[in-house]
Amino acid sequence: HEKPPLGRISTTCPYCGVGCGVRAAVDHSEGDPLHPANGGWLCVKGSALHDTLTKEGRLLAPRMAGQPVAWPEAIEGIATAISESVRDYGPESVAFYLSGQLLTEDYYIVNKLAKGFIATPHVDTNSRLCMSSAVSAHKRAFGEDCVPACYNDLELADLLVLAGSNAAWAHPVLYQRMKAAHRSGRRVVVIDPRKTATTEWADLHLQLRPGTDALLFNGLLAWLHARQALALEYIRQHCNGFEETLALARSCAPSIRVVARGCDLSDADVERFYQWFAETPKTVTAFSQGINQSVSGTDKANAIINCHLATGRVGKPGASPFSLTGQPNAMGGREVGGLANTLAAHMDYDSPGAQRRVSDFWHSRQIACGPGLRAVELFEAVHRGDIRVLWVMGTNPAVSLPDSQRVQSALARCPTLIVSDCMEKTDTTEHADILLPAAGWGEKDGTVTNSERRISRQRRFLPLPAQVRPDWQIVRDVARALGHGHAFDYHRPADIFREHAALSGYGNGGERIFDISALAQLSNQAYDELQPVQWPVTGGNAGAWLQTPRLFSSGRFPTPDGRARMVPVAALSPAQQPTPRHPLVVNTGRVRDQWHTMTRTGLTPRLFAHRSEPFIELHPCDIAGFGLIEGALATATGSGGAAYTGRVRAHEGQRAGEIFVPIHWNGRFASSALASNLIRPVVDPISGQPEGKHGVAMIRPL
Ligand code: SF4
């Protein structure tokens with residue numbers, strides 16, 4: 001193990017998709033003033049990062065069957081389990097479940113081993129729970145999974161629409177940037193069923209009925225058309241599908257009255273939003289989990305994109321749809337193809353020539369040849385016994401996936417469960433047959449990509465504990481033990497990054513949008529010193545890379561005919577509706593100072609000051625109506641029969657008949673407070689993203 005550099009180094013925050021630059025040391029974290037994402041700002045989570053650099057709870061040695069073992073034994077154990085499973089049950093009996101916390105280099109090497117050498121397509125990631133609906137919508141509309149805009153557009157917009165986003169808590173530094181850029185005449189519309197810290201800033205809060213976003217945006221498209229406010233010449237030149245899209249929008253949202261009733265809004269508020277959208281060329285609609293985590297999340301995102309295409313507002317300064325990514329490297333996982341439905345880079349299995357191109361590039365003899373199972377389906381396959389070796393890396397699906405009891409049962413039944421994690425005890429590691437101590441933030445080196453397509457370095461500034469290893473190295477050693485050493489001759493993350501960059505440009509010919517092949521020749525030193533860079537990177541050098549802040553400004557899209565596609569969208573209802581047995585609608589989300597299942601943020605008391613315990617927020621009228629007492633404990637029981645217990649909080653900003661629970665608490669902190677117990681495993685059929693924002697429940701005092 002090399003010695004880490006002394007003093008503060010520039011790295012990237014491991015939490016949300018804003019991707020803030022951090023100047024970090026063992027006892028200090030501060031915003032990097034030179035990083036374009038944050039210009040020196042950090043939120044409370046980022047500024048408490050050094051408080052979480054503790055050995056408390058760390059997994060410090062490999063284990064098999066609960067006993068510490070040496071690395072060679074663990075690697076051999078994994079290779080044997082995979083080989084035997086492939087021999088006896090076929091390659092598709094092996095699966096990988098990854099994480100938006102992994103670095104791009106980790107993602108790349110796992111994807112290569114799984115799809116290119118084990119020949120299993122079953123590689124999915126917790127990014128499935130985060131933004132896979134946005135991915136599907138981008139592909140449908142633009143032909144590629146691309147965010148057309150950059151953070152600067154959120155500042156330039158004269159009308160900022162935040163749909164399904166509590167950015168003040170979930171993307172705090174970006175929210176601060178948006179606020180700091182506020183000026184006279186600029187307007188903010190927030191679309192959210194709850195009043196939140198973000199809605200406090202809004203000029204107009206559309207507190208709509210949960211799940212009705214597609215109706216609202218269909219109505220907008222129809223209204224803009226009726227007011228002759230569409231960019232018909234742009235549509236004629238650059239878009240397909242307009243007539244069909246408009247026809248469906250008009251049939252399901254024929255008038256403001258119909259939209260207002262369906263969304264449970266006032267006619268005046270709906271009209272005000274439509275009027276502002278019509279009269280403001282510089283409009284950005286930023287959308288996040290409130291849109292994505294739905295059985296119709298892809299349609300909702302496309303309904304938003306349709307309105308932007310129809311007004312010619314895509315990829316222009318201050319005018320674009322903008323998917324706000326949840327995790328630090330959700331975008332990086334997408335770049336390497338680390339989703340079950342993609343092969344590698346941005347190539348799908350059915351992209352012309354993709355399988356041959358990738359297998360030639362990887363020098364693999366047998367490659368996975370069709371899409372794999374997506375997160376919810378994957379764990380069902382584990383439960384059925386179809387998946388016999390599952391390797392979970394850097395994530396805690398026992399808490400984060402819907403119907404956590406079913407997922408825990410699947411994990412317990414899996415013949416060989418391998419888990420790589422920094423932490424010894426999580427709800428998932430307790431089921432592991434082979435447990436691998438992975439390097440954490442500050443101990444590993446690589447790259448991540450944020451919501452605006454900006455690749456930044458995460459750098460090591462801590463010594464690696466003796467038995468702890470970075471994920472890429474663990475995967476490389478398993479690949480070598482499986483006999484694939486010739487294709488996994490990596491000695492450092494830079495070796496992997498160069499290969500990843502070279503694959504990104506494969507078959508480019510001006511059509512592949514994801515292109516960082518200009519970075520494929522980076523020297524080790526240039527990789528170490530790489531400054532944040534926004535893809536596509538079309539040339540240049542370390543002094544001045546040719547970057548691309550915006551995409552599709554010219555109106556040309558990476559589809560076969562170069563035209564964007566407007567997608568007809570039916571405004572579907574959520575999968576579950578309240579019943580007399582389960583009369584309350586459940587919404588879930590983040591609190592300001594915690595991250596995911598708290599395996600890191602739960603390490604510092606400072607981050608519990610804001611919300612110290614699990615809670616259930618209700619409108620005061622429901623507290624009385626259900627015989628609850630504010631401040632006392634209550635139990636919500638979902639339609640699957642599992643429960644969530646938390647302290648009752650009154651919130652005037654909660655719609656009556658709806659509750660909100662935070663997603664963070666896990667078995668280590670409060671085993672009775674798993675929000676996923678209230679969410680059924682119903683998914684968007686296009687994206688496979690679960691409906692994390694909509695369940696139903698009954699509530700009773702404890
Ligand atoms: Fe980290 Fe996100 Fe906070 Fe920035 S806004 S410091 S990336 S958690």
# chains A, B, ... in the order shown; residues from 1 in each chain; ligands from 1

$ select_by_dssp --residues "stretch 291-397 of chain A" --states "strand (DSSP E)" --output "ChimeraX atom specification"
/A:320-323,342-344,347-348,389-393

$ write_last_selection --atoms "C-alpha atoms" --output "CSV table (one decimal), in the first residue's frame"
chain,number,residue,atom,x,y,z
A,320,SER,CA,-34.0,22.5,-20.9
A,321,PRO,CA,-35.4,19.6,-19.1
A,322,PHE,CA,-33.0,18.5,-16.3
A,323,SER,CA,-32.9,15.2,-14.5
A,342,THR,CA,-27.4,-2.0,-21.3
A,343,LEU,CA,-24.3,-3.8,-22.5
A,344,ALA,CA,-21.3,-1.5,-22.1
A,347,MET,CA,-24.6,0.6,-26.1
A,348,ASP,CA,-27.7,-1.4,-25.7
A,389,VAL,CA,-24.3,-16.6,-6.6
A,390,LEU,CA,-25.1,-12.9,-5.8
A,391,TRP,CA,-22.4,-10.3,-5.3
A,392,VAL,CA,-23.7,-7.1,-3.6
A,393,MET,CA,-21.2,-4.2,-3.7

$ residues_around --residues "stretch 360-366 of chain A" --least-positions-apart "2" --cutoff "10 Å" --atoms "only C-alpha atoms" --output "VMD selection string"
chain A and resid 112 to 113 115 to 120 354 to 358 368 to 369 484 486 to 488 499 502 to 503 506

$ write_last_selection --atoms "C-alpha atoms" --output "mmCIF file, in the first residue's frame"
data_model
loop_
_atom_site.group_PDB
_atom_site.id
_atom_site.type_symbol
_atom_site.label_atom_id
_atom_site.label_comp_id
_atom_site.auth_asym_id
_atom_site.auth_seq_id
_atom_site.Cartn_x
_atom_site.Cartn_y
_atom_site.Cartn_z
ATOM 1 C CA LYS A 112 -16.703 -6.296 -17.964
ATOM 2 C CA LEU A 113 -16.183 -9.384 -15.805
ATOM 3 C CA LYS A 115 -21.059 -9.508 -19.132
ATOM 4 C CA GLY A 116 -17.831 -10.184 -21.005
ATOM 5 C CA PHE A 117 -16.331 -13.171 -19.194
ATOM 6 C CA ILE A 118 -18.864 -14.852 -16.932
ATOM 7 C CA ALA A 119 -21.415 -14.050 -19.671
ATOM 8 C CA THR A 120 -24.206 -13.175 -17.292
ATOM 9 C CA ALA A 354 -22.584 -3.639 -30.299
ATOM 10 C CA GLN A 355 -22.057 -7.207 -29.104
ATOM 11 C CA ARG A 356 -19.307 -7.906 -31.622
ATOM 12 C CA ARG A 357 -17.698 -4.518 -30.999
ATOM 13 C CA VAL A 358 -17.622 -4.996 -27.235
ATOM 14 C CA ALA A 368 -23.932 -11.870 -22.445
ATOM 15 C CA CYS A 369 -26.362 -11.532 -25.311
ATOM 16 C CA HIS A 484 -9.139 -14.159 -17.250
ATOM 17 C CA HIS A 486 -5.056 -11.530 -19.774
ATOM 18 C CA ALA A 487 -8.030 -9.167 -19.943
ATOM 19 C CA PHE A 488 -7.698 -7.779 -16.436
ATOM 20 C CA GLU A 499 -9.884 1.583 -21.306
ATOM 21 C CA ALA A 502 -11.481 4.272 -25.267
ATOM 22 C CA LEU A 503 -14.676 2.198 -25.309
ATOM 23 C CA TYR A 506 -16.181 3.197 -30.096
#

$ residues_near_ligand --ligand "ligand 1" --cutoff "10 Å" --atoms "only C-alpha atoms and all ligand atoms" --output "PyMOL selection string"
chain A and resi 12-22+29-31+37-38+40-49+167-176+326-328+450+592-595

$ write_last_selection --atoms "C-alpha atoms" --output "PDB file, in the first residue's frame"
ATOM      1  CA  THR A  12     -15.405  14.783  -4.537  1.00  0.00           C
ATOM      2  CA  CYS A  13     -18.199  14.382  -2.013  1.00  0.00           C
ATOM      3  CA  PRO A  14     -19.544  10.811  -1.830  1.00  0.00           C
ATOM      4  CA  TYR A  15     -23.165  11.736  -1.224  1.00  0.00           C
ATOM      5  CA  CYS A  16     -25.543  13.306  -3.697  1.00  0.00           C
ATOM      6  CA  GLY A  17     -25.445  13.814  -7.455  1.00  0.00           C
ATOM      7  CA  VAL A  18     -24.508  17.498  -7.181  1.00  0.00           C
ATOM      8  CA  GLY A  19     -20.936  16.192  -7.028  1.00  0.00           C
ATOM      9  CA  CYS A  20     -19.337  18.947  -4.944  1.00  0.00           C
ATOM     10  CA  GLY A  21     -15.586  19.312  -4.830  1.00  0.00           C
ATOM     11  CA  VAL A  22     -14.161  18.832  -1.344  1.00  0.00           C
ATOM     12  CA  SER A  29     -13.474  18.912   5.009  1.00  0.00           C
ATOM     13  CA  GLU A  30     -14.178  22.153   3.201  1.00  0.00           C
ATOM     14  CA  GLY A  31     -15.644  23.093  -0.141  1.00  0.00           C
ATOM     15  CA  ALA A  37     -20.182  22.302  -9.245  1.00  0.00           C
ATOM     16  CA  ASN A  38     -20.002  24.056  -5.892  1.00  0.00           C
ATOM     17  CA  GLY A  40     -16.481  26.255  -2.394  1.00  0.00           C
ATOM     18  CA  TRP A  41     -19.873  25.568  -0.868  1.00  0.00           C
ATOM     19  CA  LEU A  42     -20.730  22.389   0.993  1.00  0.00           C
ATOM     20  CA  CYS A  43     -23.914  21.325   2.715  1.00  0.00           C
ATOM     21  CA  VAL A  44     -23.957  20.036   6.265  1.00  0.00           C
ATOM     22  CA  LYS A  45     -23.390  16.438   5.157  1.00  0.00           C
ATOM     23  CA  GLY A  46     -20.373  17.405   3.096  1.00  0.00           C
ATOM     24  CA  SER A  47     -18.868  19.550   5.819  1.00  0.00           C
ATOM     25  CA  ALA A  48     -19.251  16.695   8.329  1.00  0.00           C
ATOM     26  CA  LEU A  49     -17.453  14.188   6.123  1.00  0.00           C
ATOM     27  CA  ALA A 167     -33.755  20.179  -3.701  1.00  0.00           C
ATOM     28  CA  ALA A 168     -33.268  22.204  -0.519  1.00  0.00           C
ATOM     29  CA  TRP A 169     -32.707  18.927   1.325  1.00  0.00           C
ATOM     30  CA  ALA A 170     -31.774  16.450  -1.384  1.00  0.00           C
ATOM     31  CA  HIS A 171     -29.446  18.635  -3.509  1.00  0.00           C
ATOM     32  CA  PRO A 172     -28.605  21.398  -1.033  1.00  0.00           C
ATOM     33  CA  VAL A 173     -25.672  23.086  -2.738  1.00  0.00           C
ATOM     34  CA  LEU A 174     -27.397  23.157  -6.106  1.00  0.00           C
ATOM     35  CA  TYR A 175     -30.411  24.646  -4.368  1.00  0.00           C
ATOM     36  CA  GLN A 176     -28.174  27.327  -2.880  1.00  0.00           C
ATOM     37  CA  GLY A 326     -29.627  11.247  -6.665  1.00  0.00           C
ATOM     38  CA  GLN A 327     -26.322   9.502  -6.120  1.00  0.00           C
ATOM     39  CA  PRO A 328     -22.691  10.587  -6.433  1.00  0.00           C
ATOM     40  CA  ASN A 450     -22.412  14.225 -11.419  1.00  0.00           C
ATOM     41  CA  ARG A 592     -31.792  17.054   5.215  1.00  0.00           C
ATOM     42  CA  ASP A 593     -28.800  15.647   7.052  1.00  0.00           C
ATOM     43  CA  GLN A 594     -28.882  11.919   6.375  1.00  0.00           C
ATOM     44  CA  TRP A 595     -27.872   9.858   3.396  1.00  0.00           C
TER      45      TRP A 595
END

$ residues_around --residues "A:Arg58" --least-positions-apart "6" --cutoff "10 Å" --atoms "only C-alpha atoms" --output "mmCIF file with N, CA and C atoms, in the first residue's frame"
data_model
loop_
_atom_site.group_PDB
_atom_site.id
_atom_site.type_symbol
_atom_site.label_atom_id
_atom_site.label_comp_id
_atom_site.auth_asym_id
_atom_site.auth_seq_id
_atom_site.Cartn_x
_atom_site.Cartn_y
_atom_site.Cartn_z
ATOM 1 N N ASP A 421 -18.258 -4.366 1.356
ATOM 2 C CA ASP A 421 -18.747 -3.168 2.051
ATOM 3 C C ASP A 421 -17.641 -2.638 2.937
ATOM 4 N N CYS A 422 -17.769 -1.359 3.317
ATOM 5 C CA CYS A 422 -16.826 -0.816 4.309
ATOM 6 C C CYS A 422 -17.270 -1.206 5.711
ATOM 7 N N MET A 423 -18.576 -1.383 5.886
ATOM 8 C CA MET A 423 -19.108 -1.572 7.224
ATOM 9 C C MET A 423 -19.348 -3.056 7.502
ATOM 10 N N GLU A 424 -19.070 -3.415 8.747
ATOM 11 C CA GLU A 424 -19.196 -4.829 9.095
ATOM 12 C C GLU A 424 -20.654 -5.258 9.232
ATOM 13 N N LYS A 425 -21.432 -4.421 9.910
ATOM 14 C CA LYS A 425 -22.804 -4.845 10.208
ATOM 15 C C LYS A 425 -23.807 -3.944 9.509
ATOM 16 N N PRO A 437 -13.874 -6.674 2.863
ATOM 17 C CA PRO A 437 -13.684 -5.303 3.350
ATOM 18 C C PRO A 437 -13.248 -4.378 2.224
ATOM 19 N N ALA A 438 -14.137 -3.499 1.824
ATOM 20 C CA ALA A 438 -13.861 -2.607 0.695
ATOM 21 C C ALA A 438 -13.396 -1.250 1.199
ATOM 22 N N ALA A 439 -12.587 -0.605 0.384
ATOM 23 C CA ALA A 439 -12.124 0.741 0.723
ATOM 24 C C ALA A 439 -13.292 1.710 0.681
ATOM 25 N N GLY A 440 -13.244 2.692 1.552
ATOM 26 C CA GLY A 440 -14.300 3.695 1.596
ATOM 27 C C GLY A 440 -13.817 5.022 1.053
ATOM 28 N N PRO A 465 -6.455 0.613 5.476
ATOM 29 C CA PRO A 465 -6.232 -0.389 6.527
ATOM 30 C C PRO A 465 -5.682 -1.675 5.916
ATOM 31 N N VAL A 468 -7.852 -4.021 3.897
ATOM 32 C CA VAL A 468 -8.935 -3.410 3.115
ATOM 33 C C VAL A 468 -8.461 -3.171 1.685
#

$ select_by_dssp --residues "stretch 117-350 of chain A" --states "helix (DSSP H, G or I)" --output "JSON, numbers by chain"
{"A": [117, 118, 126, 127, 128, 129, 132, 133, 134, 135, 136, 137, 138, 139, 140, 141, 142, 151, 152, 153, 154, 155, 156, 167, 168, 169, 170, 172, 173, 174, 175, 176, 177, 178, 179, 180, 199, 200, 201, 213, 214, 215, 216, 217, 218, 219, 220, 221, 222, 223, 224, 225, 226, 232, 233, 234, 235, 236, 237, 238, 242, 243, 244, 245, 246, 247, 248, 249, 250, 251, 252, 256, 257, 258, 259, 260, 261, 262, 263, 267, 268, 269, 270, 271, 272, 273, 274, 275, 276, 277, 278, 279, 289, 290, 291, 292, 297, 298, 299, 300, 301, 302, 303, 304, 305, 306, 307, 308, 309, 310, 330, 331, 332, 333, 334, 335, 336]}

$ residues_around --residues "A:His346" --least-positions-apart "4" --cutoff "12 Å" --atoms "only C-alpha atoms" --output "VMD selection string"
chain A and resid 135 139 143 to 146 331 to 339 341 to 342 350 to 351 354 358 500 to 501 503 to 508 511 to 516 558

$ write_last_selection --atoms "C-alpha atoms" --output "PDB file, in the first residue's frame"
ATOM      1  CA  VAL A 135     -32.726   7.111 -18.311  1.00  0.00           C
ATOM      2  CA  LYS A 139     -33.515   7.251 -24.513  1.00  0.00           C
ATOM      3  CA  GLY A 143     -32.071   8.368 -28.508  1.00  0.00           C
ATOM      4  CA  GLU A 144     -29.406   8.428 -25.761  1.00  0.00           C
ATOM      5  CA  ASP A 145     -29.368   8.704 -22.000  1.00  0.00           C
ATOM      6  CA  CYS A 146     -28.194  12.299 -21.791  1.00  0.00           C
ATOM      7  CA  MET A 331     -24.261   8.795 -13.972  1.00  0.00           C
ATOM      8  CA  GLY A 332     -20.900   6.987 -13.985  1.00  0.00           C
ATOM      9  CA  GLY A 333     -22.632   3.638 -13.677  1.00  0.00           C
ATOM     10  CA  ARG A 334     -24.776   4.539 -16.658  1.00  0.00           C
ATOM     11  CA  GLU A 335     -21.667   5.548 -18.619  1.00  0.00           C
ATOM     12  CA  VAL A 336     -20.073   2.107 -18.328  1.00  0.00           C
ATOM     13  CA  GLY A 337     -23.368   0.335 -19.050  1.00  0.00           C
ATOM     14  CA  GLY A 338     -23.746  -0.921 -15.482  1.00  0.00           C
ATOM     15  CA  LEU A 339     -27.486  -1.385 -15.790  1.00  0.00           C
ATOM     16  CA  ASN A 341     -30.617  -3.347 -19.878  1.00  0.00           C
ATOM     17  CA  THR A 342     -27.361  -1.995 -21.330  1.00  0.00           C
ATOM     18  CA  ASP A 350     -29.520  -4.431 -29.715  1.00  0.00           C
ATOM     19  CA  SER A 351     -27.402  -1.454 -30.819  1.00  0.00           C
ATOM     20  CA  ALA A 354     -22.584  -3.639 -30.299  1.00  0.00           C
ATOM     21  CA  VAL A 358     -17.622  -4.996 -27.235  1.00  0.00           C
ATOM     22  CA  HIS A 500     -13.314   2.895 -20.318  1.00  0.00           C
ATOM     23  CA  ALA A 501     -12.614   6.165 -22.166  1.00  0.00           C
ATOM     24  CA  LEU A 503     -14.676   2.198 -25.309  1.00  0.00           C
ATOM     25  CA  SER A 504     -16.782   5.340 -24.938  1.00  0.00           C
ATOM     26  CA  GLY A 505     -15.693   6.523 -28.366  1.00  0.00           C
ATOM     27  CA  TYR A 506     -16.181   3.197 -30.096  1.00  0.00           C
ATOM     28  CA  GLY A 507     -18.249   3.435 -33.238  1.00  0.00           C
ATOM     29  CA  ASN A 508     -18.645   7.133 -32.642  1.00  0.00           C
ATOM     30  CA  GLU A 511     -23.585   9.564 -33.528  1.00  0.00           C
ATOM     31  CA  ARG A 512     -22.496   8.342 -30.135  1.00  0.00           C
ATOM     32  CA  ILE A 513     -23.026  11.169 -27.726  1.00  0.00           C
ATOM     33  CA  PHE A 514     -21.175   9.655 -24.791  1.00  0.00           C
ATOM     34  CA  ASP A 515     -17.620  10.206 -25.933  1.00  0.00           C
ATOM     35  CA  ILE A 516     -14.651  10.762 -23.667  1.00  0.00           C
ATOM     36  CA  PRO A 558     -28.584  10.856 -31.713  1.00  0.00           C
TER      37      PRO A 558
END

$ atom_distance --atom1 "atom CA of A:Ser83" --atom2 "atom CA of A:Trp71"
18.1 Å

$ closest_residue --among "A:Ala24, A:Leu216, A:Val314, A:Ala278" --to "A:Ala149" --atoms "only C-alpha atoms"
A:Val314

$ closest_residue --among "A:Asp264, A:Glu105, A:Glu617, A:Glu271" --to "A:Pro662" --atoms "only C-alpha atoms"
A:Glu617

$ closest_residue --among "A:Val376, A:Ala542, A:Ala61, A:Ala340" --to "A:Arg680" --atoms "only C-alpha atoms"
A:Val376

$ residues_around --residues "A:Thr597" --least-positions-apart "6" --cutoff "10 Å" --atoms "only C-alpha atoms" --output "list in words"
Thr395, Asn396, Pro397, Ala398, Val399, Ser400, Thr426, Asp427, Ile663, His664, Trp665, Asn666, Gly667, Arg668, Phe669 and Leu674 of chain A

$ residues_around --residues "A:Leu678" --least-positions-apart "3" --cutoff "7 Å" --atoms "only C-alpha atoms" --output "VMD selection string"
chain A and resid 637 to 638 642 to 643 675 695

$ atom_distance --atom1 "atom CA of A:Val258" --atom2 "atom CA of A:Thr196"
26.3 Å

$ closest_residue --among "A:Ala301, A:Ala570, A:Val284, A:Ile455" --to "A:Met178" --atoms "only C-alpha atoms"
A:Val284

$ residues_around --residues "stretch 526-540 of chain A" --least-positions-apart "5" --cutoff "8 Å" --atoms "only C-alpha atoms" --output "PDB file with C-alpha atoms, in the first residue's frame"
ATOM      1  CA  HIS A  35     -14.697  22.969  -8.359  1.00  0.00           C
ATOM      2  CA  PRO A  36     -17.284  24.145 -10.923  1.00  0.00           C
ATOM      3  CA  GLU A 452     -24.454  17.706 -15.226  1.00  0.00           C
ATOM      4  CA  ARG A 453     -22.187  15.052 -16.856  1.00  0.00           C
ATOM      5  CA  ARG A 454     -19.108  16.352 -15.060  1.00  0.00           C
ATOM      6  CA  ILE A 455     -16.427  13.770 -14.348  1.00  0.00           C
ATOM      7  CA  SER A 456     -14.459  14.495 -11.180  1.00  0.00           C
ATOM      8  CA  ARG A 457     -11.750  12.648  -9.355  1.00  0.00           C
ATOM      9  CA  ALA A 494      -5.964   4.929 -14.362  1.00  0.00           C
ATOM     10  CA  ILE A 513     -23.026  11.169 -27.726  1.00  0.00           C
ATOM     11  CA  PHE A 514     -21.175   9.655 -24.791  1.00  0.00           C
ATOM     12  CA  ASP A 515     -17.620  10.206 -25.933  1.00  0.00           C
ATOM     13  CA  ILE A 516     -14.651  10.762 -23.667  1.00  0.00           C
ATOM     14  CA  SER A 517     -12.195   8.995 -25.929  1.00  0.00           C
ATOM     15  CA  ALA A 518     -10.026  12.110 -25.888  1.00  0.00           C
ATOM     16  CA  LEU A 519      -9.184  11.085 -22.309  1.00  0.00           C
ATOM     17  CA  TRP A 545     -10.259  19.978 -22.822  1.00  0.00           C
ATOM     18  CA  LEU A 546     -12.972  20.598 -25.401  1.00  0.00           C
ATOM     19  CA  GLN A 547     -16.018  20.023 -23.218  1.00  0.00           C
ATOM     20  CA  THR A 548     -19.747  20.180 -23.844  1.00  0.00           C
ATOM     21  CA  PRO A 549     -21.909  22.036 -21.339  1.00  0.00           C
TER      22      PRO A 549
END

$ closest_residue --among "A:Asp495, A:Asp471, A:Glu691, A:Glu630" --to "A:Gln101" --atoms "only C-alpha atoms"
A:Asp471

$ closest_residue --among "A:Ser255, A:Thr52, A:Thr283, A:Thr198" --to "A:Gly602" --atoms "only C-alpha atoms"
A:Thr52

$ atom_distance --atom1 "atom CA of A:Val190" --atom2 "atom CA of A:Arg590"
17.0 Å

$ decode --residues "stretch 72-84 of chain A" --atoms "N, CA and C atoms" --output "mmCIF file, in the first residue's frame"
data_model
loop_
_atom_site.group_PDB
_atom_site.id
_atom_site.type_symbol
_atom_site.label_atom_id
_atom_site.label_comp_id
_atom_site.auth_asym_id
_atom_site.auth_seq_id
_atom_site.Cartn_x
_atom_site.Cartn_y
_atom_site.Cartn_z
ATOM 1 N N PRO A 72 -6.297 -14.487 -0.202
ATOM 2 C CA PRO A 72 -6.268 -15.537 -1.239
ATOM 3 C C PRO A 72 -7.389 -16.554 -1.054
ATOM 4 N N GLU A 73 -7.692 -16.862 0.184
ATOM 5 C CA GLU A 73 -8.755 -17.831 0.456
ATOM 6 C C GLU A 73 -10.121 -17.259 0.040
ATOM 7 N N ALA A 74 -10.335 -15.980 0.349
ATOM 8 C CA ALA A 74 -11.616 -15.354 -0.017
ATOM 9 C C ALA A 74 -11.764 -15.285 -1.533
ATOM 10 N N ILE A 75 -10.689 -14.871 -2.205
ATOM 11 C CA ILE A 75 -10.740 -14.767 -3.678
ATOM 12 C C ILE A 75 -10.987 -16.151 -4.289
ATOM 13 N N GLU A 76 -10.295 -17.138 -3.770
ATOM 14 C CA GLU A 76 -10.470 -18.498 -4.285
ATOM 15 C C GLU A 76 -11.897 -18.984 -4.024
ATOM 16 N N GLY A 77 -12.415 -18.634 -2.849
ATOM 17 C CA GLY A 77 -13.787 -19.039 -2.514
ATOM 18 C C GLY A 77 -14.799 -18.444 -3.478
ATOM 19 N N ILE A 78 -14.592 -17.190 -3.842
ATOM 20 C CA ILE A 78 -15.521 -16.542 -4.785
ATOM 21 C C ILE A 78 -15.388 -17.176 -6.168
ATOM 22 N N ALA A 79 -14.146 -17.350 -6.609
ATOM 23 C CA ALA A 79 -13.935 -17.920 -7.945
ATOM 24 C C ALA A 79 -14.538 -19.325 -8.020
ATOM 25 N N THR A 80 -14.374 -20.082 -6.968
ATOM 26 C CA THR A 80 -14.934 -21.442 -6.969
ATOM 27 C C THR A 80 -16.456 -21.397 -7.019
ATOM 28 N N ALA A 81 -17.050 -20.530 -6.202
ATOM 29 C CA ALA A 81 -18.517 -20.443 -6.188
ATOM 30 C C ALA A 81 -19.050 -20.049 -7.563
ATOM 31 N N ILE A 82 -18.392 -19.073 -8.210
ATOM 32 C CA ILE A 82 -18.853 -18.638 -9.536
ATOM 33 C C ILE A 82 -18.656 -19.761 -10.555
ATOM 34 N N SER A 83 -17.482 -20.374 -10.557
ATOM 35 C CA SER A 83 -17.200 -21.429 -11.550
ATOM 36 C C SER A 83 -18.186 -22.583 -11.401
ATOM 37 N N GLU A 84 -18.409 -23.000 -10.177
ATOM 38 C CA GLU A 84 -19.295 -24.150 -9.973
ATOM 39 C C GLU A 84 -20.738 -23.806 -10.354
#
